[in-house]
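Heads up, data_2.cif below (mmCIF, N, CA and C atoms and all ligand atoms):
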data_work
#
loop_
_atom_site.label_atom_id
_atom_site.label_comp_id
_atom_site.auth_asym_id
_atom_site.auth_seq_id
_atom_site.Cartn_x
_atom_site.Cartn_y
_atom_site.Cartn_z
N MET A 9 -30.85 -17.24 15.84
CA MET A 9 -31.84 -16.87 16.83
C MET A 9 -32.08 -18.04 17.79
N SER A 10 -31.72 -17.88 19.04
CA SER A 10 -31.92 -18.97 20.00
C SER A 10 -33.38 -19.06 20.40
N GLN A 11 -33.90 -20.28 20.45
CA GLN A 11 -35.29 -20.53 20.79
C GLN A 11 -35.37 -21.72 21.75
N ARG A 12 -36.57 -21.94 22.28
CA ARG A 12 -36.85 -23.16 23.05
C ARG A 12 -38.03 -23.89 22.42
N THR A 13 -38.00 -25.21 22.49
CA THR A 13 -39.12 -25.99 21.97
C THR A 13 -39.44 -27.13 22.92
N LEU A 14 -40.71 -27.56 22.88
CA LEU A 14 -41.14 -28.68 23.71
C LEU A 14 -41.18 -29.93 22.83
N VAL A 15 -40.46 -30.95 23.27
CA VAL A 15 -40.41 -32.21 22.53
C VAL A 15 -40.96 -33.32 23.41
N LEU A 16 -41.77 -34.20 22.81
CA LEU A 16 -42.22 -35.40 23.51
C LEU A 16 -41.74 -36.61 22.74
N LEU A 17 -41.11 -37.56 23.46
CA LEU A 17 -40.86 -38.88 22.88
C LEU A 17 -42.06 -39.70 23.30
N LYS A 18 -42.90 -40.03 22.34
CA LYS A 18 -44.21 -40.63 22.62
C LYS A 18 -44.04 -42.05 23.17
N PRO A 19 -45.12 -42.62 23.75
CA PRO A 19 -45.00 -43.95 24.37
C PRO A 19 -44.45 -45.03 23.44
N ASP A 20 -44.68 -44.93 22.13
CA ASP A 20 -44.11 -45.94 21.21
C ASP A 20 -42.59 -45.86 21.19
N ALA A 21 -42.06 -44.64 21.24
CA ALA A 21 -40.60 -44.47 21.23
C ALA A 21 -39.98 -45.06 22.49
N VAL A 22 -40.65 -44.85 23.64
CA VAL A 22 -40.12 -45.38 24.90
C VAL A 22 -40.22 -46.91 24.91
N ARG A 23 -41.39 -47.44 24.53
CA ARG A 23 -41.60 -48.90 24.50
C ARG A 23 -40.59 -49.59 23.59
N ARG A 24 -40.25 -48.96 22.49
CA ARG A 24 -39.37 -49.58 21.50
C ARG A 24 -37.89 -49.34 21.79
N GLY A 25 -37.60 -48.67 22.89
CA GLY A 25 -36.19 -48.46 23.25
C GLY A 25 -35.48 -47.48 22.35
N LEU A 26 -36.21 -46.46 21.87
CA LEU A 26 -35.61 -45.49 20.95
C LEU A 26 -35.29 -44.15 21.61
N VAL A 27 -35.37 -44.11 22.95
CA VAL A 27 -35.10 -42.84 23.64
C VAL A 27 -33.66 -42.37 23.36
N GLY A 28 -32.71 -43.25 23.55
CA GLY A 28 -31.31 -42.88 23.35
C GLY A 28 -31.03 -42.45 21.92
N GLU A 29 -31.58 -43.21 20.99
CA GLU A 29 -31.41 -42.90 19.55
C GLU A 29 -31.92 -41.48 19.23
N ILE A 30 -33.11 -41.17 19.71
CA ILE A 30 -33.71 -39.88 19.37
C ILE A 30 -33.02 -38.74 20.13
N LEU A 31 -32.78 -38.94 21.42
CA LEU A 31 -32.07 -37.89 22.18
C LEU A 31 -30.68 -37.67 21.59
N GLY A 32 -30.04 -38.75 21.14
CA GLY A 32 -28.70 -38.63 20.55
C GLY A 32 -28.70 -37.74 19.32
N ARG A 33 -29.73 -37.87 18.50
CA ARG A 33 -29.81 -37.02 17.30
C ARG A 33 -29.94 -35.55 17.70
N ILE A 34 -30.74 -35.30 18.72
CA ILE A 34 -30.92 -33.91 19.18
C ILE A 34 -29.62 -33.39 19.79
N GLU A 35 -28.99 -34.21 20.63
CA GLU A 35 -27.75 -33.77 21.29
C GLU A 35 -26.63 -33.49 20.31
N ARG A 36 -26.60 -34.20 19.20
CA ARG A 36 -25.49 -34.04 18.26
C ARG A 36 -25.60 -32.78 17.39
N LYS A 37 -26.77 -32.12 17.40
CA LYS A 37 -26.87 -30.86 16.66
C LYS A 37 -26.05 -29.80 17.39
N ALA A 38 -25.18 -29.12 16.66
CA ALA A 38 -24.25 -28.17 17.27
C ALA A 38 -24.98 -27.08 18.05
N GLY A 39 -24.62 -26.96 19.30
CA GLY A 39 -25.13 -25.84 20.10
C GLY A 39 -26.50 -26.05 20.72
N TRP A 40 -27.19 -27.13 20.38
CA TRP A 40 -28.49 -27.38 21.01
C TRP A 40 -28.26 -28.03 22.37
N THR A 41 -29.04 -27.60 23.35
CA THR A 41 -28.90 -28.19 24.68
C THR A 41 -30.28 -28.58 25.22
N ILE A 42 -30.28 -29.59 26.07
CA ILE A 42 -31.51 -30.03 26.75
C ILE A 42 -31.60 -29.28 28.06
N SER A 43 -32.67 -28.49 28.25
CA SER A 43 -32.74 -27.69 29.48
C SER A 43 -33.73 -28.25 30.50
N ALA A 44 -34.52 -29.25 30.13
CA ALA A 44 -35.38 -29.96 31.08
C ALA A 44 -35.70 -31.31 30.45
N LEU A 45 -35.86 -32.33 31.29
CA LEU A 45 -36.16 -33.67 30.75
C LEU A 45 -36.79 -34.53 31.84
N GLU A 46 -37.89 -35.20 31.49
CA GLU A 46 -38.53 -36.08 32.47
C GLU A 46 -39.26 -37.23 31.78
N LEU A 47 -39.12 -38.43 32.37
CA LEU A 47 -39.93 -39.59 31.97
C LEU A 47 -41.21 -39.57 32.79
N ARG A 48 -42.35 -39.54 32.10
CA ARG A 48 -43.60 -39.53 32.87
C ARG A 48 -44.77 -40.06 32.04
N THR A 49 -45.71 -40.72 32.73
CA THR A 49 -46.93 -41.16 32.07
C THR A 49 -47.90 -39.99 32.07
N LEU A 50 -48.34 -39.58 30.89
CA LEU A 50 -49.12 -38.35 30.76
C LEU A 50 -50.57 -38.60 31.16
N ASP A 51 -51.12 -37.70 31.98
CA ASP A 51 -52.51 -37.86 32.40
C ASP A 51 -53.44 -37.13 31.42
N ARG A 52 -54.72 -37.47 31.55
CA ARG A 52 -55.74 -36.95 30.63
C ARG A 52 -55.76 -35.41 30.61
N ALA A 53 -55.68 -34.79 31.78
CA ALA A 53 -55.77 -33.32 31.86
C ALA A 53 -54.63 -32.66 31.10
N THR A 54 -53.44 -33.20 31.26
CA THR A 54 -52.27 -32.66 30.55
C THR A 54 -52.45 -32.82 29.04
N LEU A 55 -52.92 -34.00 28.64
CA LEU A 55 -53.09 -34.27 27.20
C LEU A 55 -54.20 -33.41 26.60
N GLU A 56 -55.26 -33.17 27.37
CA GLU A 56 -56.34 -32.31 26.86
C GLU A 56 -55.84 -30.90 26.59
N GLN A 57 -55.00 -30.40 27.48
CA GLN A 57 -54.41 -29.06 27.26
C GLN A 57 -53.49 -29.09 26.04
N HIS A 58 -52.65 -30.10 26.01
CA HIS A 58 -51.64 -30.16 24.96
C HIS A 58 -52.27 -30.27 23.57
N TYR A 59 -53.30 -31.12 23.43
CA TYR A 59 -53.90 -31.37 22.12
C TYR A 59 -55.25 -30.66 21.95
N ALA A 60 -55.44 -29.53 22.64
CA ALA A 60 -56.71 -28.79 22.58
C ALA A 60 -57.14 -28.48 21.14
N GLU A 61 -56.16 -28.18 20.29
CA GLU A 61 -56.49 -27.79 18.90
C GLU A 61 -57.14 -28.95 18.12
N HIS A 62 -57.00 -30.17 18.61
CA HIS A 62 -57.50 -31.32 17.85
C HIS A 62 -58.81 -31.90 18.39
N VAL A 63 -59.40 -31.28 19.41
CA VAL A 63 -60.66 -31.79 19.97
C VAL A 63 -61.70 -31.93 18.85
N GLY A 64 -62.39 -33.09 18.83
CA GLY A 64 -63.45 -33.30 17.84
C GLY A 64 -62.98 -33.97 16.56
N ARG A 65 -61.66 -33.98 16.33
CA ARG A 65 -61.17 -34.68 15.13
C ARG A 65 -61.35 -36.19 15.32
N PRO A 66 -61.54 -36.94 14.24
CA PRO A 66 -61.75 -38.39 14.37
C PRO A 66 -60.58 -39.11 15.06
N PHE A 67 -59.37 -38.57 14.93
CA PHE A 67 -58.22 -39.25 15.53
C PHE A 67 -57.98 -38.86 16.99
N TYR A 68 -58.81 -37.93 17.52
CA TYR A 68 -58.52 -37.35 18.84
C TYR A 68 -58.53 -38.39 19.97
N GLU A 69 -59.63 -39.16 20.10
CA GLU A 69 -59.72 -40.11 21.24
C GLU A 69 -58.66 -41.21 21.15
N PRO A 70 -58.50 -41.84 19.98
CA PRO A 70 -57.41 -42.84 19.89
C PRO A 70 -56.03 -42.23 20.19
N LEU A 71 -55.84 -40.98 19.80
CA LEU A 71 -54.56 -40.31 20.09
C LEU A 71 -54.38 -40.14 21.59
N MET A 72 -55.44 -39.71 22.28
CA MET A 72 -55.35 -39.52 23.73
C MET A 72 -55.04 -40.85 24.42
N ASP A 73 -55.73 -41.93 24.00
CA ASP A 73 -55.48 -43.25 24.61
C ASP A 73 -54.04 -43.69 24.37
N PHE A 74 -53.58 -43.51 23.15
CA PHE A 74 -52.20 -43.88 22.82
C PHE A 74 -51.20 -43.08 23.65
N MET A 75 -51.42 -41.78 23.76
CA MET A 75 -50.46 -40.93 24.45
C MET A 75 -50.39 -41.20 25.95
N ALA A 76 -51.47 -41.83 26.49
CA ALA A 76 -51.50 -42.18 27.91
C ALA A 76 -51.16 -43.65 28.14
N SER A 77 -50.77 -44.37 27.08
CA SER A 77 -50.63 -45.83 27.15
C SER A 77 -49.34 -46.31 27.82
N GLY A 78 -48.48 -45.41 28.19
CA GLY A 78 -47.22 -45.79 28.84
C GLY A 78 -46.40 -44.53 29.01
N PRO A 79 -45.24 -44.68 29.64
CA PRO A 79 -44.42 -43.50 29.87
C PRO A 79 -43.95 -42.84 28.57
N ALA A 80 -43.86 -41.52 28.63
CA ALA A 80 -43.31 -40.71 27.55
C ALA A 80 -42.14 -39.93 28.14
N VAL A 81 -41.33 -39.36 27.28
CA VAL A 81 -40.27 -38.46 27.75
C VAL A 81 -40.60 -37.06 27.26
N ALA A 82 -40.68 -36.13 28.21
CA ALA A 82 -40.92 -34.72 27.87
C ALA A 82 -39.61 -33.98 28.06
N LEU A 83 -39.27 -33.14 27.09
CA LEU A 83 -38.05 -32.35 27.25
C LEU A 83 -38.18 -30.99 26.58
N VAL A 84 -37.35 -30.08 27.06
CA VAL A 84 -37.22 -28.77 26.46
C VAL A 84 -35.84 -28.69 25.84
N VAL A 85 -35.80 -28.31 24.57
CA VAL A 85 -34.51 -28.17 23.88
C VAL A 85 -34.35 -26.71 23.51
N GLU A 86 -33.14 -26.25 23.65
CA GLU A 86 -32.84 -24.84 23.48
C GLU A 86 -31.71 -24.70 22.47
N GLY A 87 -31.82 -23.72 21.57
CA GLY A 87 -30.71 -23.48 20.65
C GLY A 87 -31.14 -22.78 19.38
N GLU A 88 -30.21 -22.66 18.49
CA GLU A 88 -30.40 -21.94 17.23
C GLU A 88 -31.51 -22.59 16.39
N ARG A 89 -32.57 -21.81 16.12
CA ARG A 89 -33.69 -22.22 15.26
C ARG A 89 -34.20 -23.63 15.57
N VAL A 90 -34.28 -23.89 16.87
CA VAL A 90 -34.57 -25.26 17.30
C VAL A 90 -36.03 -25.67 17.00
N ILE A 91 -36.94 -24.70 16.90
CA ILE A 91 -38.34 -25.05 16.62
C ILE A 91 -38.46 -25.68 15.23
N GLU A 92 -37.98 -24.95 14.24
CA GLU A 92 -37.97 -25.47 12.86
C GLU A 92 -37.06 -26.72 12.77
N GLY A 93 -35.95 -26.65 13.47
CA GLY A 93 -34.96 -27.73 13.37
C GLY A 93 -35.47 -29.08 13.86
N VAL A 94 -36.16 -29.10 14.99
CA VAL A 94 -36.64 -30.40 15.49
C VAL A 94 -37.80 -30.90 14.62
N ARG A 95 -38.63 -29.97 14.10
CA ARG A 95 -39.70 -30.39 13.18
C ARG A 95 -39.10 -31.04 11.93
N THR A 96 -38.03 -30.46 11.41
CA THR A 96 -37.36 -31.03 10.24
C THR A 96 -36.78 -32.40 10.57
N MET A 97 -36.16 -32.48 11.73
CA MET A 97 -35.56 -33.74 12.18
C MET A 97 -36.63 -34.82 12.35
N ALA A 98 -37.83 -34.44 12.83
CA ALA A 98 -38.92 -35.40 13.04
C ALA A 98 -39.50 -35.88 11.70
N GLY A 99 -39.62 -34.96 10.74
CA GLY A 99 -40.28 -35.31 9.48
C GLY A 99 -41.78 -35.05 9.57
N PRO A 100 -42.49 -35.14 8.44
CA PRO A 100 -43.93 -34.88 8.44
C PRO A 100 -44.72 -35.91 9.25
N THR A 101 -45.96 -35.55 9.57
CA THR A 101 -46.80 -36.34 10.48
C THR A 101 -46.92 -37.81 10.07
N ASP A 102 -47.08 -38.06 8.77
CA ASP A 102 -47.24 -39.44 8.27
C ASP A 102 -45.85 -40.06 8.04
N PRO A 103 -45.50 -41.05 8.85
CA PRO A 103 -44.14 -41.62 8.77
C PRO A 103 -43.80 -42.26 7.42
N ILE A 104 -44.82 -42.71 6.69
CA ILE A 104 -44.53 -43.31 5.38
C ILE A 104 -44.15 -42.23 4.37
N ALA A 105 -44.71 -41.03 4.57
CA ALA A 105 -44.35 -39.90 3.70
C ALA A 105 -43.07 -39.22 4.15
N ALA A 106 -42.61 -39.53 5.34
CA ALA A 106 -41.41 -38.87 5.89
C ALA A 106 -40.15 -39.46 5.26
N ALA A 107 -39.21 -38.61 4.94
CA ALA A 107 -37.99 -39.06 4.28
C ALA A 107 -37.15 -39.92 5.22
N PRO A 108 -36.54 -40.98 4.67
CA PRO A 108 -35.52 -41.70 5.44
C PRO A 108 -34.47 -40.69 5.90
N GLY A 109 -33.97 -40.89 7.12
CA GLY A 109 -33.06 -39.91 7.70
C GLY A 109 -33.75 -39.06 8.75
N SER A 110 -35.08 -38.91 8.59
CA SER A 110 -35.85 -38.24 9.65
C SER A 110 -36.25 -39.29 10.69
N ILE A 111 -36.61 -38.84 11.88
CA ILE A 111 -36.97 -39.79 12.94
C ILE A 111 -38.21 -40.60 12.53
N ARG A 112 -39.25 -39.90 12.08
CA ARG A 112 -40.47 -40.62 11.67
C ARG A 112 -40.20 -41.47 10.44
N GLY A 113 -39.41 -40.97 9.51
CA GLY A 113 -39.08 -41.71 8.30
C GLY A 113 -38.23 -42.95 8.56
N ASP A 114 -37.40 -42.89 9.57
CA ASP A 114 -36.54 -44.03 9.88
C ASP A 114 -37.25 -45.10 10.71
N PHE A 115 -38.19 -44.68 11.57
CA PHE A 115 -38.69 -45.63 12.57
C PHE A 115 -40.19 -45.86 12.56
N GLY A 116 -40.97 -45.04 11.85
CA GLY A 116 -42.42 -45.13 11.95
C GLY A 116 -43.09 -45.73 10.73
N THR A 117 -44.32 -46.23 10.93
CA THR A 117 -45.13 -46.68 9.80
C THR A 117 -46.56 -46.15 9.87
N ILE A 118 -47.10 -45.95 11.07
CA ILE A 118 -48.49 -45.50 11.15
C ILE A 118 -48.58 -44.08 11.73
N VAL A 119 -49.60 -43.35 11.29
CA VAL A 119 -49.66 -41.90 11.56
C VAL A 119 -49.74 -41.61 13.05
N ARG A 120 -50.58 -42.35 13.78
CA ARG A 120 -50.74 -42.04 15.20
C ARG A 120 -49.44 -42.28 15.97
N GLU A 121 -48.80 -43.40 15.70
CA GLU A 121 -47.60 -43.78 16.48
C GLU A 121 -46.35 -43.30 15.76
N ASN A 122 -46.22 -41.98 15.72
CA ASN A 122 -45.14 -41.38 14.94
C ASN A 122 -44.00 -40.84 15.80
N LEU A 123 -43.86 -41.44 16.97
CA LEU A 123 -42.65 -41.34 17.81
C LEU A 123 -42.38 -40.03 18.55
N VAL A 124 -42.62 -38.91 17.89
CA VAL A 124 -42.24 -37.64 18.52
C VAL A 124 -43.28 -36.56 18.31
N HIS A 125 -43.32 -35.65 19.27
CA HIS A 125 -44.03 -34.37 19.11
C HIS A 125 -42.98 -33.27 19.19
N ALA A 126 -43.16 -32.22 18.41
CA ALA A 126 -42.30 -31.03 18.55
C ALA A 126 -43.14 -29.80 18.28
N SER A 127 -42.98 -28.78 19.09
CA SER A 127 -43.75 -27.53 18.94
C SER A 127 -43.59 -27.00 17.52
N ASP A 128 -44.68 -26.39 17.00
CA ASP A 128 -44.66 -25.97 15.59
C ASP A 128 -44.48 -24.46 15.39
N SER A 129 -44.38 -23.69 16.48
CA SER A 129 -44.20 -22.23 16.36
C SER A 129 -43.72 -21.71 17.71
N GLU A 130 -43.30 -20.45 17.74
CA GLU A 130 -42.87 -19.87 19.03
C GLU A 130 -44.03 -19.81 20.01
N GLU A 131 -45.24 -19.50 19.50
CA GLU A 131 -46.41 -19.43 20.37
C GLU A 131 -46.73 -20.80 20.96
N SER A 132 -46.70 -21.83 20.10
CA SER A 132 -46.96 -23.20 20.60
C SER A 132 -45.90 -23.61 21.61
N ALA A 133 -44.65 -23.29 21.33
CA ALA A 133 -43.55 -23.68 22.23
C ALA A 133 -43.76 -23.07 23.61
N GLU A 134 -44.09 -21.79 23.64
CA GLU A 134 -44.29 -21.12 24.93
C GLU A 134 -45.46 -21.75 25.68
N ARG A 135 -46.55 -21.99 24.97
CA ARG A 135 -47.75 -22.59 25.58
C ARG A 135 -47.45 -24.00 26.10
N GLU A 136 -46.77 -24.81 25.27
CA GLU A 136 -46.54 -26.21 25.61
C GLU A 136 -45.50 -26.36 26.73
N ILE A 137 -44.48 -25.52 26.73
CA ILE A 137 -43.47 -25.59 27.80
C ILE A 137 -44.15 -25.32 29.14
N LYS A 138 -45.09 -24.38 29.16
CA LYS A 138 -45.82 -24.08 30.42
C LYS A 138 -46.65 -25.27 30.90
N ILE A 139 -47.19 -26.05 29.95
CA ILE A 139 -48.00 -27.21 30.33
C ILE A 139 -47.12 -28.28 30.99
N PHE A 140 -45.98 -28.55 30.39
CA PHE A 140 -45.15 -29.67 30.84
C PHE A 140 -44.13 -29.29 31.91
N PHE A 141 -43.65 -28.05 31.87
CA PHE A 141 -42.63 -27.61 32.83
C PHE A 141 -43.01 -26.24 33.38
N PRO A 142 -44.10 -26.16 34.16
CA PRO A 142 -44.63 -24.87 34.61
C PRO A 142 -43.63 -24.07 35.47
N THR A 143 -42.67 -24.75 36.06
CA THR A 143 -41.74 -24.01 36.92
C THR A 143 -40.48 -23.56 36.19
N LEU A 144 -40.35 -23.95 34.93
CA LEU A 144 -39.16 -23.54 34.16
C LEU A 144 -39.24 -22.04 33.88
N ALA A 145 -38.15 -21.36 34.18
CA ALA A 145 -38.16 -19.88 34.03
C ALA A 145 -38.30 -19.47 32.58
P1 LIG B 201 -47.79 -33.14 14.20
O1 LIG B 201 -47.49 -34.00 15.41
O2 LIG B 201 -46.94 -33.53 13.01
O3 LIG B 201 -47.75 -31.66 14.51
P2 LIG B 201 -50.71 -32.90 14.17
O4 LIG B 201 -51.51 -32.70 12.93
O5 LIG B 201 -50.56 -31.75 15.10
O6 LIG B 201 -49.28 -33.48 13.72
O7 LIG B 201 -51.38 -34.12 14.93
C1 LIG B 201 -51.00 -34.44 16.25
C2 LIG B 201 -50.78 -35.93 16.36
O8 LIG B 201 -52.04 -36.60 16.14
C3 LIG B 201 -49.87 -36.53 15.27
O9 LIG B 201 -48.50 -36.41 15.60
C4 LIG B 201 -50.33 -37.97 15.24
O10 LIG B 201 -49.81 -38.70 16.37
C5 LIG B 201 -51.83 -37.82 15.44
N1 LIG B 201 -52.56 -37.71 14.17
C6 LIG B 201 -52.66 -36.63 13.36
N2 LIG B 201 -53.41 -36.90 12.27
C7 LIG B 201 -53.80 -38.18 12.40
C8 LIG B 201 -54.59 -39.06 11.57
O11 LIG B 201 -55.09 -38.71 10.51
N3 LIG B 201 -54.75 -40.34 12.04
C9 LIG B 201 -54.21 -40.77 13.23
N4 LIG B 201 -53.48 -39.98 14.01
C10 LIG B 201 -53.27 -38.70 13.61
MG MG B 202 -49.04 -30.50 15.69
#
I need this file expressed as structure tokens, please.
Amino acid sequence: MSQRTLVLLKPDAVRRGLVGEILGRIERKAGWTISALELRTLDRATLEQHYAEHVGRPFYEPLMDFMASGPAVALVVEGERVIEGVRTMAGPTDPIAAAPGSIRGDFGTIVRENLVHASDSEESAEREIKIFFPTLA
């Protein structure tokens, strides 16, 4: 089943020079393609929409500051079961609990700076793609 998902390489990934490493992992999955990609510093309004489900949580404000702290890479990836697939590739939210071999497990140590975002369902993917790439068909 071909799907689309919204992926963000968070500011820590860009600062640490891990864009190529992470994009390379995505590109090497058979049949997955990148259908949109942009380097951009995320503004507050975009982040408020994106992380609406987390408003009021103790980690919300530090997360917003971190996500606006430098350029991020936003991309849309398309392909077979890509929503579940990129989540698996990223690993669980806490990088210390994430298995080696996953992006978070290989490169992260703290929960907030966990390198990547990936949509968690078809509904989230559709909503998030509209936020970041409103003109994408
Ligand atoms: P996810 O990115 O694995 O889907 P969510 O629970 O949706 O995780 O949380 C969104 C983002 O908020 C996480 O990726 C992480 O950057 C940050 N975050 C989540 N929980 C915590 C926490 O307990 N402390 C600090 N940051 C957190
Ligand atoms: Mg999430």
Would you give me, as a tab-separated table, each residue of chain A having an atom within 6 Å of an atom of ligand LIG 201 (chain B), along with its shortest atom pair and that distance in Å to one decimal, using only N, CA and C atoms and all ligand atoms and sorting by chain and residue number?
residue	atom	partner	partner_atom	distance
A:Phe67	CA	B:LIG201	C9	4.9
A:Leu71	CA	B:LIG201	C5	5.9
A:Pro100	C	B:LIG201	O2	5.0
A:Thr101	CA	B:LIG201	O2	3.8
A:Val119	C	B:LIG201	N4	4.2
A:Arg120	C	B:LIG201	O10	3.6
A:Glu121	N	B:LIG201	O10	4.9
A:Asn122	N	B:LIG201	O10	4.9
A:Val124	C	B:LIG201	O1	5.7
A:His125	CA	B:LIG201	O1	5.1
A:Ala126	N	B:LIG201	O1	5.6
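Each residue with an atom within 12 Å of any atom of ligand MG 202 (chain B) appears in the list, which was built counting only C-alpha atoms and all ligand atoms: A:Leu14, A:Val15, A:Leu16, A:His58, A:Tyr59, A:Ala60, A:Glu61, A:His62, A:Arg95, A:Ala98, A:Gly99, A:Pro100, A:Thr101, A:Asp102, A:Arg120, A:Asn122, A:Val124, A:His125, A:Ala126, A:Ser127, A:Asp128, A:Ser129, A:Ser132, A:Ala133, A:Glu136.
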Every residue of region 11-70 of chain A that DSSP places in strand (DSSP E or B), as a list in words: Gln11, Arg12, Thr13, Leu14, Val15, Leu16, Leu17, Thr41, Ile42, Ser43, Ala44, Leu45, Glu46, Leu47 and Arg48 of chain A
Gly78 (chain A) surroundings by all atoms listed in the file, 5 Å radius, close-in-sequence under 2 positions cut, as a list in words: Pro19, Thr49, Ala76 and Ala80 of chain A
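In this structure, CA of Val27 (chain A) sits 11.5 Å away from atom C of Leu47 (chain A).
You will find atom C of Ile34 (chain A) at 25.5 Å from CA of Ser77 (chain A).
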Picked from region 11-138 of chain A by DSSP as alpha helix (DSSP H), as a ChimeraX atom specification: /A:19-23,27-36,52-58,68-75,90-98,111-115,130-138
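Counting only N, CA and C atoms, the residue from A:Arg36, A:Arg24, A:Arg48, A:Lys138 that sits nearest to Pro79 (chain A) is A:Arg48.
The residue that comes closest to Ser10 (chain A), out of A:Arg112, A:Arg135, A:Arg23, A:Arg89 and on the basis of only N, CA and C atoms, is A:Arg89.
The space between atom N of Pro103 (chain A) and atom C of Ile118 (chain A) spans 5.2 Å.
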What's the 10 Å shell around Lys37 (chain A), counting only C-alpha atoms, without same-chain residues fewer than 5 positions away, as a PDB file with N, CA and C atoms, in the coordinates of the input?
ATOM      1  N   GLY A  32     -30.040 -38.750  21.140  1.00  0.00           N
ATOM      2  CA  GLY A  32     -28.700 -38.630  20.550  1.00  0.00           C
ATOM      3  C   GLY A  32     -28.700 -37.740  19.320  1.00  0.00           C
ATOM      4  N   GLY A  87     -31.820 -23.720  21.570  1.00  0.00           N
ATOM      5  CA  GLY A  87     -30.710 -23.480  20.650  1.00  0.00           C
ATOM      6  C   GLY A  87     -31.140 -22.780  19.380  1.00  0.00           C
ATOM      7  N   GLU A  88     -30.210 -22.660  18.490  1.00  0.00           N
ATOM      8  CA  GLU A  88     -30.400 -21.940  17.230  1.00  0.00           C
ATOM      9  C   GLU A  88     -31.510 -22.590  16.390  1.00  0.00           C
ATOM     10  N   VAL A  90     -34.280 -23.890  16.870  1.00  0.00           N
ATOM     11  CA  VAL A  90     -34.570 -25.260  17.300  1.00  0.00           C
ATOM     12  C   VAL A  90     -36.030 -25.670  17.000  1.00  0.00           C
ATOM     13  N   GLY A  93     -35.950 -26.650  13.470  1.00  0.00           N
ATOM     14  CA  GLY A  93     -34.960 -27.730  13.370  1.00  0.00           C
ATOM     15  C   GLY A  93     -35.470 -29.080  13.860  1.00  0.00           C
ATOM     16  N   VAL A  94     -36.160 -29.100  14.990  1.00  0.00           N
ATOM     17  CA  VAL A  94     -36.640 -30.400  15.490  1.00  0.00           C
ATOM     18  C   VAL A  94     -37.800 -30.900  14.620  1.00  0.00           C
TER      19      VAL A  94
END
Using only N, CA and C atoms: which of A:Leu55, A:Ala105, A:Leu83, A:Ala38 has the shortest distance to Leu17 (chain A): A:Leu83
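With distances taken over only N, CA and C atoms, A:Glu130 is the one residue among A:Asp73, A:Glu46, A:Asp20, A:Glu130 lying closest to Ile91 (chain A).
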Shortest interatomic distance to Met75 (chain A) - which of A:Met97, A:Leu50, A:Ile30, A:Ala106, counting all atoms listed in the file: A:Leu50
